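> Just one file: run-v4.cif, with mmCIF, C-alpha atoms.
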data_coords
loop_
_atom_site.label_atom_id
_atom_site.label_comp_id
_atom_site.auth_asym_id
_atom_site.auth_seq_id
_atom_site.Cartn_x
_atom_site.Cartn_y
_atom_site.Cartn_z
CA MET A 1 109.92 148.62 102.52
CA THR A 2 106.90 150.52 103.84
CA GLN A 3 104.90 149.52 106.88
CA ASP A 4 101.75 149.19 104.75
CA TRP A 5 103.45 146.67 102.43
CA THR A 6 104.91 144.78 105.40
CA SER A 7 101.53 144.62 107.08
CA PHE A 8 99.86 143.49 103.87
CA LEU A 9 102.34 140.62 103.46
CA ALA A 10 101.78 139.59 107.07
CA SER A 11 98.03 139.52 106.39
CA GLN A 12 98.74 137.17 103.48
CA GLY A 13 100.57 134.76 105.80
CA LEU A 14 104.22 135.72 105.32
CA ALA A 15 106.29 134.88 108.41
CA ALA A 16 107.91 137.74 110.31
CA ASP A 17 111.34 136.77 109.00
CA GLY A 18 110.05 136.51 105.42
CA GLY A 19 111.08 132.88 105.20
CA THR A 20 107.81 131.19 104.24
CA PHE A 21 104.05 131.59 103.87
CA GLY A 22 103.63 128.67 106.27
CA ASP A 23 104.45 125.65 104.10
CA ALA A 24 108.21 125.50 103.64
CA ALA A 25 108.30 122.09 101.94
CA GLY A 26 105.43 122.91 99.59
CA GLU A 27 106.95 126.25 98.66
CA LEU A 28 110.31 124.68 97.87
CA ALA A 29 108.63 122.04 95.71
CA ALA A 30 106.69 124.75 93.88
CA ALA A 31 109.90 126.70 93.26
CA ARG A 32 111.46 123.59 91.74
CA ASP A 33 108.49 122.42 89.68
CA GLY A 34 106.10 125.31 89.08
CA LYS A 35 105.59 129.06 89.07
CA VAL A 36 106.21 131.15 92.18
CA ILE A 37 106.17 134.75 93.34
CA ALA A 38 108.21 135.88 96.35
CA PRO A 39 108.49 139.16 98.28
CA VAL A 40 112.24 139.81 98.31
CA VAL A 41 112.15 141.43 101.73
CA ASP A 42 115.81 140.78 102.57
CA HIS A 43 117.00 143.26 99.91
CA GLY A 44 116.85 147.04 99.73
CA LEU A 45 117.73 149.83 97.32
CA ILE A 46 120.22 152.65 97.09
CA ARG A 47 119.28 155.50 94.76
CA ALA A 48 121.98 157.51 92.96
CA SER A 49 120.70 160.71 91.41
CA GLY A 50 122.29 163.79 89.89
CA SER A 51 124.08 164.71 86.67
CA ASP A 52 127.26 162.84 87.68
CA ALA A 53 125.52 159.64 88.86
CA ALA A 54 126.56 157.49 85.89
CA GLU A 55 130.19 158.65 85.96
CA PHE A 56 130.34 158.32 89.74
CA LEU A 57 129.14 154.71 89.80
CA HIS A 58 131.10 153.76 86.68
CA ASN A 59 134.34 154.74 88.40
CA LEU A 60 133.60 152.72 91.54
CA VAL A 61 132.22 149.32 90.50
CA THR A 62 133.33 146.35 88.43
CA ASN A 63 130.89 146.69 85.54
CA ASP A 64 130.08 149.24 82.83
CA ILE A 65 127.45 151.53 84.34
CA LYS A 66 127.55 154.08 81.52
CA GLY A 67 126.31 151.36 79.19
CA ILE A 68 123.07 150.82 81.14
CA ASP A 69 119.98 152.19 79.41
CA GLU A 70 116.27 152.04 80.25
CA ARG A 71 116.04 148.51 78.81
CA SER A 72 119.00 146.90 80.59
CA ALA A 73 120.30 146.05 84.05
CA ARG A 74 123.70 144.83 85.17
CA LEU A 75 125.35 143.05 88.06
CA ALA A 76 128.30 144.94 89.53
CA GLY A 77 130.58 144.64 92.53
CA LEU A 78 132.18 147.15 94.87
CA CYS A 79 135.71 146.08 95.83
CA THR A 80 138.38 147.12 98.27
CA ALA A 81 141.72 148.35 96.94
CA LYS A 82 142.88 144.71 97.21
CA GLY A 83 140.12 143.54 94.86
CA ARG A 84 138.01 141.95 97.61
CA LEU A 85 134.25 142.29 97.25
CA LEU A 86 132.35 144.46 99.71
CA ALA A 87 129.01 144.21 97.90
CA LEU A 88 127.21 143.00 94.80
CA PHE A 89 124.45 145.08 93.20
CA VAL A 90 121.83 144.60 90.52
CA VAL A 91 121.80 148.04 88.89
CA TRP A 92 119.17 149.59 86.63
CA ARG A 93 117.99 153.05 85.59
CA GLU A 94 114.89 154.92 86.65
CA GLY A 95 114.85 157.96 84.42
CA GLU A 96 118.13 159.75 85.07
CA ASP A 97 118.62 157.97 88.39
CA PHE A 98 120.22 154.60 89.11
CA LEU A 99 118.87 152.04 91.56
CA LEU A 100 121.22 149.54 93.23
CA MET A 101 119.66 146.46 94.82
CA LEU A 102 121.66 144.74 97.57
CA PRO A 103 121.09 142.76 100.80
CA ARG A 104 119.67 144.82 103.64
CA ASP A 105 122.26 143.57 106.12
CA ILE A 106 125.01 145.52 104.35
CA LEU A 107 123.02 148.42 102.87
CA PRO A 108 123.67 151.07 105.58
CA ALA A 109 127.43 150.44 105.63
CA ILE A 110 127.66 150.39 101.82
CA LEU A 111 125.62 153.60 101.52
CA LYS A 112 128.04 155.24 103.95
CA LYS A 113 131.04 153.83 102.03
CA LEU A 114 129.77 155.10 98.69
CA SER A 115 129.00 158.51 100.22
CA MET A 116 132.67 158.89 101.16
CA TYR A 117 133.53 159.01 97.44
CA VAL A 118 131.04 161.74 96.51
CA LEU A 119 133.28 164.73 97.32
CA ARG A 120 132.47 167.36 94.66
CA SER A 121 130.56 165.05 92.34
CA LYS A 122 127.03 166.14 91.47
CA VAL A 123 125.44 163.00 92.85
CA LYS A 124 123.06 162.32 95.71
CA LEU A 125 122.86 158.91 97.38
CA SER A 126 119.90 157.80 99.47
CA ASP A 127 118.25 154.71 100.92
CA ALA A 128 115.32 154.10 98.57
CA SER A 129 114.17 150.83 100.15
CA GLY A 130 110.80 152.31 101.11
CA GLU A 131 110.04 153.58 97.62
CA LEU A 132 109.60 150.24 95.83
CA ALA A 133 108.48 146.73 96.69
CA LEU A 134 110.86 144.05 95.38
CA ILE A 135 109.10 140.89 94.23
CA GLY A 136 110.71 137.84 92.65
CA VAL A 137 108.98 135.72 90.01
CA ALA A 138 110.24 132.34 88.81
CA ALA A 139 109.02 129.49 86.64
CA ALA A 140 110.32 126.01 85.95
CA ASP A 141 108.75 126.20 82.46
CA ALA A 142 106.75 128.73 80.43
CA ILE A 143 105.52 131.60 82.60
CA PRO A 144 102.23 133.38 81.91
CA PRO A 145 102.13 137.17 81.53
CA ILE A 146 102.55 139.00 84.83
CA ALA A 147 102.17 142.72 85.39
CA GLY A 148 100.88 143.08 81.85
CA ILE A 149 103.95 141.83 80.00
CA THR A 150 105.29 138.53 78.77
CA LEU A 151 108.29 138.11 81.04
CA ALA A 152 109.76 135.33 78.90
CA ASP A 153 110.28 137.83 76.07
CA LEU A 154 112.77 139.84 78.13
CA PRO A 155 116.43 139.04 77.40
CA ARG A 156 118.68 138.19 80.31
CA ARG A 157 119.15 141.36 82.40
CA GLY A 158 116.57 143.05 80.21
CA VAL A 159 114.25 145.68 81.72
CA ALA A 160 110.66 146.57 80.80
CA ALA A 161 108.37 149.28 82.15
CA ILE A 162 105.28 147.95 83.92
CA SER A 163 102.50 149.60 85.85
CA GLY A 164 104.05 151.18 88.91
CA GLY A 165 107.67 150.28 88.13
CA ARG A 166 109.85 147.87 86.20
CA ALA A 167 110.37 144.17 85.49
CA ILE A 168 113.95 142.86 85.23
CA ARG A 169 115.03 139.45 84.03
CA LEU A 170 117.71 138.21 86.43
CA ASP A 171 118.71 134.92 84.77
CA GLY A 172 117.29 131.88 83.02
CA ASN A 173 114.13 131.46 85.09
CA ARG A 174 113.97 134.38 87.55
CA TRP A 175 112.58 137.88 87.19
CA LEU A 176 112.37 140.86 89.55
CA LEU A 177 109.39 143.22 89.81
CA ALA A 178 110.31 146.59 91.35
CA VAL A 179 107.03 148.45 91.81
CA THR A 180 105.47 150.94 94.17
CA PRO A 181 104.11 149.35 97.35
CA ASP A 182 100.58 150.52 96.43
CA GLN A 183 100.85 148.83 93.02
CA ALA A 184 102.21 145.65 94.60
CA ARG A 185 99.37 145.49 97.09
CA ASP A 186 96.71 146.27 94.48
CA SER A 187 98.08 143.66 92.03
CA TRP A 188 98.91 140.86 94.47
CA GLN A 189 95.73 138.84 93.94
CA GLU A 190 96.14 139.11 90.16
CA TRP A 191 99.74 137.90 90.33
CA ILE A 192 99.09 134.97 92.65
CA ALA A 193 96.38 133.70 90.30
CA SER A 194 99.18 132.34 88.10
CA ALA A 195 102.06 131.86 90.57
CA ARG A 196 102.22 130.45 94.11
CA PRO A 197 103.41 132.81 96.86
CA VAL A 198 106.64 131.63 98.47
CA GLY A 199 109.02 133.08 101.03
CA LEU A 200 112.73 133.77 101.03
CA ALA A 201 113.69 130.14 101.66
CA ALA A 202 112.35 129.11 98.24
CA TRP A 203 113.55 132.27 96.49
CA ASN A 204 117.08 131.88 97.85
CA TRP A 205 117.15 128.25 96.72
CA LEU A 206 116.31 129.43 93.19
CA GLU A 207 119.23 131.86 93.32
CA ILE A 208 121.57 129.07 94.42
CA ALA A 209 120.28 126.71 91.72
CA GLN A 210 121.03 129.38 89.12
CA GLY A 211 124.58 129.80 90.48
CA GLN A 212 124.12 133.51 91.15
CA PRO A 213 126.30 134.78 94.03
CA ARG A 214 125.61 137.32 96.73
CA VAL A 215 127.83 139.09 99.29
CA LEU A 216 126.61 139.37 102.87
CA ALA A 217 128.11 140.96 105.97
CA ALA A 218 129.71 137.63 106.90
CA THR A 219 131.46 137.31 103.52
CA GLN A 220 132.60 140.87 102.84
CA GLU A 221 136.27 140.94 101.74
CA ALA A 222 136.31 137.14 101.42
CA PHE A 223 136.27 136.88 97.61
CA VAL A 224 137.68 138.52 94.50
CA PRO A 225 135.14 138.65 91.64
CA GLN A 226 136.52 135.63 89.75
CA MET A 227 136.08 133.44 92.84
CA LEU A 228 132.33 134.07 92.50
CA ASN A 229 132.36 133.34 88.73
CA MET A 230 131.58 136.99 88.05
CA GLU A 231 133.55 137.25 84.82
CA LEU A 232 131.70 134.30 83.28
CA PRO A 233 128.90 135.23 80.84
CA ALA A 234 126.25 133.52 82.98
CA VAL A 235 127.00 135.91 85.85
CA ALA A 236 128.41 138.85 83.87
CA GLY A 237 129.48 141.09 86.73
CA VAL A 238 132.84 142.37 85.46
CA SER A 239 133.91 144.49 82.50
CA PHE A 240 137.58 144.37 81.53
CA THR A 241 137.29 147.35 79.16
CA LYS A 242 135.53 149.96 81.32
CA GLY A 243 138.61 151.47 82.97
CA CYS A 244 139.74 151.86 86.56
CA TYR A 245 137.86 151.29 89.80
CA PRO A 246 139.04 150.35 93.32
CA GLY A 247 140.71 146.94 93.12
CA GLN A 248 140.77 146.91 89.30
CA GLU A 249 144.50 146.12 89.11
CA ILE A 250 144.07 142.99 91.21
CA VAL A 251 141.00 141.83 89.28
CA ALA A 252 142.70 142.40 85.91
CA ARG A 253 145.94 140.74 87.02
CA THR A 254 143.99 137.69 88.16
CA GLN A 255 142.30 137.53 84.78
CA TYR A 256 145.28 138.02 82.49
CA LEU A 257 148.40 137.08 84.43
CA GLY A 258 147.28 134.66 87.08
CA LYS A 259 145.19 131.57 87.33
CA VAL A 260 141.87 131.40 89.10
CA LYS A 261 142.43 128.74 91.75
CA ARG A 262 139.06 129.05 93.49
CA ARG A 263 135.64 128.93 91.90
CA THR A 264 132.07 128.87 93.12
CA PHE A 265 130.20 125.57 92.82
CA ARG A 266 126.81 124.29 93.94
CA ALA A 267 126.58 121.59 96.60
CA ARG A 268 124.23 119.81 98.98
CA MET A 269 124.64 119.12 102.68
CA ALA A 270 122.39 117.74 105.41
CA ALA A 271 123.07 120.22 108.19
CA ALA A 272 122.75 123.97 108.03
CA ALA A 273 125.80 126.24 108.06
CA LEU A 274 126.31 129.98 107.95
CA PRO A 275 127.64 131.93 104.97
CA GLY A 276 131.35 132.42 105.48
CA THR A 277 131.84 129.01 107.12
CA HIS A 278 135.18 127.60 106.00
CA VAL A 279 135.48 124.33 104.09
CA TYR A 280 138.40 121.90 104.11
CA SER A 281 139.93 119.15 101.99
CA ALA A 282 142.49 116.37 102.53
CA GLU A 283 145.05 118.14 100.37
CA THR A 284 144.92 121.33 102.46
CA GLY A 285 144.72 119.66 105.87
CA ASP A 286 144.01 122.13 108.66
CA GLN A 287 144.09 125.05 106.23
CA HIS A 288 140.71 125.91 104.79
CA CYS A 289 140.28 125.71 101.02
CA GLY A 290 137.26 127.98 100.65
CA ALA A 291 134.02 129.13 102.25
CA ILE A 292 130.25 128.93 101.99
CA VAL A 293 128.93 131.81 99.85
CA SER A 294 125.18 131.33 100.41
CA ILE A 295 122.97 128.55 101.72
CA GLY A 296 119.32 127.61 102.07
CA PRO A 297 116.88 124.70 102.43
CA SER A 298 116.63 122.36 99.45
CA PRO A 299 113.49 120.84 97.86
CA ALA A 300 115.31 117.49 98.03
CA GLY A 301 115.81 117.80 101.79
CA GLY A 302 118.73 119.17 103.74
CA HIS A 303 120.39 122.28 102.40
CA GLU A 304 122.00 123.51 99.20
CA CYS A 305 124.75 126.06 99.01
CA LEU A 306 127.07 127.93 96.75
CA VAL A 307 130.60 127.27 97.95
CA CYS A 308 133.81 128.95 96.82
CA VAL A 309 136.49 126.29 96.88
CA GLN A 310 139.86 125.43 95.37
CA ILE A 311 139.31 123.72 92.03
CA GLY A 312 141.61 120.83 92.97
CA ALA A 313 139.64 120.18 96.14
CA ARG A 314 136.38 120.20 94.19
CA GLU A 315 137.80 117.69 91.72
CA SER A 316 138.85 115.40 94.56
CA GLY A 317 135.24 115.27 95.73
CA GLU A 318 136.32 115.43 99.38
CA VAL A 319 135.33 118.85 100.67
CA ARG A 320 134.14 119.09 104.26
CA VAL A 321 132.30 121.84 106.08
CA GLY A 322 133.46 123.58 109.24
CA SER A 323 136.48 121.37 109.96
CA PRO A 324 138.63 118.71 108.27
CA GLY A 325 136.32 116.11 109.81
CA GLY A 326 133.07 117.91 109.09
CA GLU A 327 130.20 116.89 106.82
CA ARG A 328 131.20 116.03 103.25
CA LEU A 329 129.65 118.18 100.52
CA GLU A 330 127.81 116.50 97.65
CA PHE A 331 128.49 118.60 94.56
CA LEU A 332 125.60 119.36 92.20
CA PRO A 333 125.54 120.72 88.64
CA LEU A 334 125.25 124.40 87.82
CA PRO A 335 123.33 125.67 84.78
CA TYR A 336 126.60 126.99 83.33
CA ALA A 337 130.13 125.68 82.89
CA VAL A 338 132.68 126.91 85.43
CA LYS A 339 135.70 125.56 83.52
CA ASP A 340 136.33 125.27 79.79
CA ASP A 341 136.36 121.47 79.95
CA GLU A 342 133.22 121.22 82.07
CA PRO A 343 129.81 120.92 80.41
CA ALA A 344 126.92 123.00 81.70
CA ALA A 345 123.97 121.18 83.23
CA ALA A 346 121.15 120.35 80.84
#
Reformat the file's structure so that it appears as structure tokens.


Amino acid sequence: MTQDWTSFLASQGLAADGGTFGDAAGELAAARDGKVIAPVVDHGLIRASGSDAAEFLHNLVTNDIKGIDERSARLAGLCTAKGRLLALFVVWREGEDFLLMLPRDILPAILKKLSMYVLRSKVKLSDASGELALIGVAAADAIPPIAGITLADLPRRGVAAISGGRAIRLDGNRWLLAVTPDQARDSWQEWIASARPVGLAAWNWLEIAQGQPRVLAATQEAFVPQMLNMELPAVAGVSFTKGCYPGQEIVARTQYLGKVKRRTFRARMAAAALPGTHVYSAETGDQHCGAIVSIGPSPAGGHECLVCVQIGARESGEVRVGSPGGERLEFLPLPYAVKDDEPAAA
């Protein structure tokens, strides 16, 4: 993220931490009920370039990178040898290069980790966070054209070229604009004519409401992909036909020979908690039964979170945060079914 873009956003009223444009409650309500546009300043980009870039990434992450073309993006995870997630990326192409979007708090360490695998591969990895501005767009109903295209026409994880960059559909009602900082600054007034500017608090709530996971520094190595619903079509972060990658044996064994005992659900709580905070249930006693994946303020008051928890504990309805006597979670519907016998939210 360039200093010019950062300064421009500050001039528009964005708080130093990116959380709001000064009206947290109003922004959350707009995210729930209307059309919003949000600078995604807590994420950055890694660029992979070179003739071996596709092969290099394909052999390291959980999804099929070779299958990505100019019109598609994919979610993919980087795992340890034990199948534990170190990072999640949204991946798309820019010409012959690949761009990997991930949280800024883990980007330097993940860039260093990926670089360890380069060896003799013809691939160059770099921090490309300053090259493009990342802007989220969301709508509770029909969204008007933005950046010259009808975003609603894009399929899920579809990509379209726009002036200065690309538009990517993330899920049912969220899109990502990845454009040059100059284009973002020049087009800002045009974009906000049809969508209200909101900060990260509202954007992160939208991600939670859509049941889309993220991995932060506090939750690295806490989850295998299935715990974050990554093999489900609504998340679509794992390919079981692409071949080997670090941790692939564990992920495949969980899928075909084991049973997924923990899943990610959406819940509400009054107090704030940090990602990685353990949760407890009566049946597990002093042993935790899961952890908070992500959390943010809710339009309904309090906070909403994605929580990875044992399915049995979720079904009991008695899951508590931080300790066996902590606050009880109120579970909320997701827009997709987590289990075969569970209907998706309308």

> If you count only C-alpha atoms, which residues fall within 12 Å of Gly211 of chain A, apart from same-chain ones fewer than 3 positions away, as an MDAnalysis selection string?

chainID A and resid 170:174 204:208 214 228:230 232:236 263:267 293:295 304:308 332:338 344:345

> With the PyMOL selection byres ((chain A and resi 104-107) around 8) as the selection, what would be picked from this file? Answer as a list in words, please.

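Going through the file, the PyMOL selection byres ((chain A and resi 104-107) around 8) ends up selecting Asp42, His43, Gly44, Leu45, Ile46, Ala87, Leu102, Pro103, Pro108, Ala109, Ile110, Leu111, Leu216 and Ala217 of chain A.
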
> Once the PyMOL selection byres ((chain A and resi 201) around 7) is applied to the coordinates I shared, what remains selected? I want it as a PDB file with C-alpha atoms, keeping the file's coordinate frame.


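Resulting contents of result.pdb:
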ATOM      1  CA  GLY A  19     111.080 132.880 105.200  1.00  0.00           C
ATOM      2  CA  THR A  20     107.810 131.190 104.240  1.00  0.00           C
ATOM      3  CA  GLY A 199     109.020 133.080 101.030  1.00  0.00           C
ATOM      4  CA  LEU A 200     112.730 133.770 101.030  1.00  0.00           C
ATOM      5  CA  ALA A 202     112.350 129.110  98.240  1.00  0.00           C
ATOM      6  CA  TRP A 203     113.550 132.270  96.490  1.00  0.00           C
ATOM      7  CA  ASN A 204     117.080 131.880  97.850  1.00  0.00           C
ATOM      8  CA  TRP A 205     117.150 128.250  96.720  1.00  0.00           C
ATOM      9  CA  GLY A 296     119.320 127.610 102.070  1.00  0.00           C
ATOM     10  CA  PRO A 297     116.880 124.700 102.430  1.00  0.00           C
TER      11      PRO A 297
END

> Is it possible to get the residues within 12 Å of (112.9, 145.2, 92.2) (coordinates as in the file, counting only C-alpha atoms) written as an MDAnalysis selection string?

chainID A and resid 1 38:46 73 89:94 99:102 128:137 159:162 164:170 174:181 184

> Mind listing whatever residues come within 9 Å of the point (117.5, 117.9, 93.9)? Use all atoms listed in the file, file coordinates, and give them as an MDAnalysis selection string.

chainID A and resid 32 268 298:301 304 332

> Might you pull out every residue within 12 Å of segment 253-259 of chain A, with all atoms listed in the file counted and same-chain residues fewer than 3 positions away left off, and present them as a VMD selection string?

chain A and resid 82 to 84 224 to 227 229 to 232 238 to 240 247 to 250 262 to 263 310 to 311 339

> Between A:Cys244, A:Ala31, A:Ile192, A:Ile149, which is the closest to Glu55 of chain A once you count all atoms listed in the file?

A:Cys244

> Of the candidates A:Tyr245, A:Tyr117, A:Phe98, A:Phe331, which shows the shortest atom-to-atom distance to Arg47 of chain A, using only C-alpha atoms?

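With only C-alpha atoms as the atom set, the closest residue is A:Phe98.
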
> Between A:Gln189, A:Gln210, A:Ser72, A:Ser7, which is the closest to Ala140 of chain A once you count all atoms listed in the file?

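Of all the options, A:Gln210 lies closest to Ala140 of chain A.
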
> Kindly indicate which residue among A:Met269, A:Ile68, A:Ile37, A:Cys289 lies nearest to Ala138 of chain A, using all atoms listed in the file for the distances.

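With all atoms listed in the file as the atom set, the closest residue is A:Ile37.
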
> From the coordinates I just gave you, please extract segment 215-263 of chain A so that only C-alpha atoms remain, then output it as a JSON list (two decimals), in the first residue's frame.


[["chain", "number", "residue", "atom", "x", "y", "z"],
["A", 215, "VAL", "CA", -5.59, -17.56, 9.10],
["A", 216, "LEU", "CA", -3.79, -14.98, 11.21],
["A", 217, "ALA", "CA", -0.54, -15.08, 13.18],
["A", 218, "ALA", "CA", -2.47, -16.13, 16.28],
["A", 219, "THR", "CA", -4.09, -19.11, 14.53],
["A", 220, "GLN", "CA", -1.23, -20.47, 12.42],
["A", 221, "GLU", "CA", -0.92, -24.26, 12.81],
["A", 222, "ALA", "CA", -4.23, -24.40, 14.72],
["A", 223, "PHE", "CA", -6.41, -25.91, 11.98],
["A", 224, "VAL", "CA", -6.34, -28.50, 9.22],
["A", 225, "PRO", "CA", -8.27, -27.36, 6.11],
["A", 226, "GLN", "CA", -11.44, -29.36, 6.85],
["A", 227, "MET", "CA", -11.76, -27.67, 10.25],
["A", 228, "LEU", "CA", -12.24, -24.38, 8.35],
["A", 229, "ASN", "CA", -14.78, -25.96, 5.92],
["A", 230, "MET", "CA", -12.28, -25.56, 3.10],
["A", 231, "GLU", "CA", -13.28, -28.69, 1.20],
["A", 232, "LEU", "CA", -16.93, -27.60, 1.06],
["A", 233, "PRO", "CA", -18.04, -26.07, -2.27],
["A", 234, "ALA", "CA", -18.94, -22.75, -0.62],
["A", 235, "VAL", "CA", -15.32, -22.28, 0.47],
["A", 236, "ALA", "CA", -13.59, -24.41, -2.19],
["A", 237, "GLY", "CA", -10.02, -24.23, -0.91],
["A", 238, "VAL", "CA", -8.87, -27.84, -1.43],
["A", 239, "SER", "CA", -8.40, -30.05, -4.47],
["A", 240, "PHE", "CA", -8.19, -33.79, -3.87],
["A", 241, "THR", "CA", -6.99, -34.54, -7.42],
["A", 242, "LYS", "CA", -4.12, -32.08, -7.87],
["A", 243, "GLY", "CA", -1.33, -34.22, -6.40],
["A", 244, "CYS", "CA", 1.08, -33.78, -3.53],
["A", 245, "TYR", "CA", 1.86, -30.73, -1.42],
["A", 246, "PRO", "CA", 3.15, -30.35, 2.17],
["A", 247, "GLY", "CA", 0.60, -31.91, 4.50],
["A", 248, "GLN", "CA", -1.38, -33.54, 1.67],
["A", 249, "GLU", "CA", -1.30, -37.01, 3.26],
["A", 250, "ILE", "CA", -2.92, -35.73, 6.44],
["A", 251, "VAL", "CA", -5.55, -33.71, 4.57],
["A", 252, "ALA", "CA", -6.43, -36.64, 2.30],
["A", 253, "ARG", "CA", -6.52, -39.12, 5.19],
["A", 254, "THR", "CA", -8.88, -36.84, 7.08],
["A", 255, "GLN", "CA", -11.14, -36.69, 4.04],
["A", 256, "TYR", "CA", -11.24, -40.35, 3.07],
["A", 257, "LEU", "CA", -10.33, -42.39, 6.14],
["A", 258, "GLY", "CA", -11.22, -40.26, 9.11],
["A", 259, "LYS", "CA", -14.13, -38.21, 10.30],
["A", 260, "VAL", "CA", -14.09, -34.45, 10.58],
["A", 261, "LYS", "CA", -14.81, -33.84, 14.26],
["A", 262, "ARG", "CA", -14.40, -30.07, 14.23],
["A", 263, "ARG", "CA", -16.08, -27.60, 11.91]]
